[in-house]
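Peer 1: I'd like to ask you about the structure that follows.
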Protein chains: 2
Amino acid sequence: MQIIEALNWRYDTKRMNGNKIPTEKLDCILEAIRLAPSAMGLQPYTIIVIENIELMKKIQPIANLQQEITEASVLLVFASWNKITPERINEHLKRISLVRDMNENSLKLTREKMEMLLNNTVEENFIWSAKQAYLALGIGMTAAALEKVDTTPIDHFNNADLDEVLQLKERGLRSILLLSLGYRDTAKDLTIANKKVRREREKLFITLQSTIGFNATNINNKGSITL
Amino acid sequence: MQIIEALNWRYDTKRMNGNKIPTEKLDCILEAIRLAPSAMGLQPYTIIVIENIELMKKIQPIANLQQEITEASVLLVFASWNKITPERINEHLKRISLVRDMNENSLKLTREKMEMLLNNTVEENFIWSAKQAYLALGIGMTAAALEKVDTTPIDHFNNADLDEVLQLKERGLRSILLLSLGYRDTAKDLTIANKKVRREREKLFITLQSTIGFNATNINNKGSITL
């Protein structure tokens, strides 16, 4: 239950104290993000790691002047591939074949499945990629909480401006979200005392009890609780 | 680094053995999902908890006949609110005011921020909600791995059919993804031996080193590694 303690300990940190995260802790958080699963294993995103204060200062006005951006130890920018290309799919198939010592011909079905993505619009694939990145974000935030590192995710900012500052277009990327990593400033952060607000178990979870002659009347519509 | 071991241990489980997850472990996984942060704290999703084998059997053909669906201990269905409504926003504001013992009038700015969501299209809000659910999924999968419970996320299935079987429309919900929770069948799952394939650190992460006269030439375009 260590994870429950860690998740109760974490909160959306508004002020950080600028202290640096020890290398081994940052390594752990980034490795957790790297190990995140993704649909078809593509990991269709890249994470920009920023520790430079000047760059943080450039990003701050793009993200509602949030104070913890320049008070963080590290700012991560999760950026999606701007599009899924045959080259990116080929690179991934080569990686599978190398790591698993498989002939690429034996990956024909895997290839066909991945290539179906090429039929989607760029926007559809961007949304799909962004969802994968949010999954990785969840894992990275959990890793941080277990390491007692504070986090502030930011998904509301001027994406076009950030893409320009970080030259993401030139890198074949588009920004999705920011994650500040650092340490809470217990004196300055007035939100620390706020109690955590979460939907009640009996509202967030609905347990379906029975399916005999499955219909509206024998579903537990009250959302019986499972915990 | 226990989390790194857990994430290396987990894999996309294709065959499960039907063993039941002890109640305290399932509680822990669901509680981790409940504690997941979300934009503005709205948690704009509901999770259907299914342990009934008959219902699992109905869902299996909707999700490419994946075998672990009926071999799982529990099947979770993450479903987004079908739309963000003033009622749902009000409910959340009431919750904040209650938990934090605050007058609702003092939440005026919070209300205004949330009500901006009402200007979005239903589809925009659905995508936004789905991303929040993926974040919660990442946290839930990490909790499961730490509890040595296997997981298989499924994001490719016939959403309309699943919504009908689970009467999600009537509940004001739309399916996003499935998560099978259970225990690997080490004899039957031939994919167990597959080595984990992940993008290399130096490809997944780009460290920006300098911003003095920030331009293409002094960014480390090679994506210097940070680990």
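Numbering starts fresh at 1 for the residues of each chain in the structure tokens, the chains themselves are lettered A, B, ... in the order given, and ligands are numbered from 1 as they appear.
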Which residues of chain B are close to chain A, meaning at most 6 Å apart when you count only C-alpha atoms, and how do they look as a list in words?

Peer 2: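 Putting it all together, I get Asp27, Thr46, Ile47, Ile48, Val49, Ile50, Leu55, Arg100, Lys131, Tyr134, Leu135, Gly138, Ile139, Lys195, Leu204, Phe205, Ile206, Thr207, Leu208, Thr211 and Leu227 of chain B.
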
Peer 1: Per DSSP on the backbone, filter stretch 124-216 of chain B down to the residues in strand (DSSP E or B) and report them as a PyMOL selection string.

Peer 2: chain B and resi 150-154+173-182+184+205-208

Peer 1: Hey, what's within 10 Å of A:Ile59 if we count only C-alpha atoms and toss same-chain stuff fewer than 6 positions away? As a count of residues only, please?

Peer 2: 12

Peer 1: Tell me, as a PyMOL selection string, which residues lie within 7 Å of B:Lys83, counting only C-alpha atoms; anything in the same chain fewer than 5 positions away does not count.

Peer 2: chain B and resi 122+125-126

Peer 1: Those same residues - N, CA, C and O atoms - I'd like them written as a tab-separated table (two decimals), in the first residue's frame.

Peer 2:
chain	number	residue	atom	x	y	z
B	122	VAL	N	-18.85	18.54	-27.85
B	122	VAL	CA	-18.94	17.28	-27.11
B	122	VAL	C	-17.73	16.41	-27.44
B	122	VAL	O	-17.14	15.77	-26.57
B	125	ASN	N	-14.50	17.60	-25.71
B	125	ASN	CA	-14.50	17.23	-24.30
B	125	ASN	C	-14.33	15.73	-24.10
B	125	ASN	O	-13.74	15.29	-23.11
B	126	PHE	N	-14.85	14.95	-25.05
B	126	PHE	CA	-14.68	13.49	-24.95
B	126	PHE	C	-13.20	13.13	-25.06
B	126	PHE	O	-12.67	12.32	-24.28
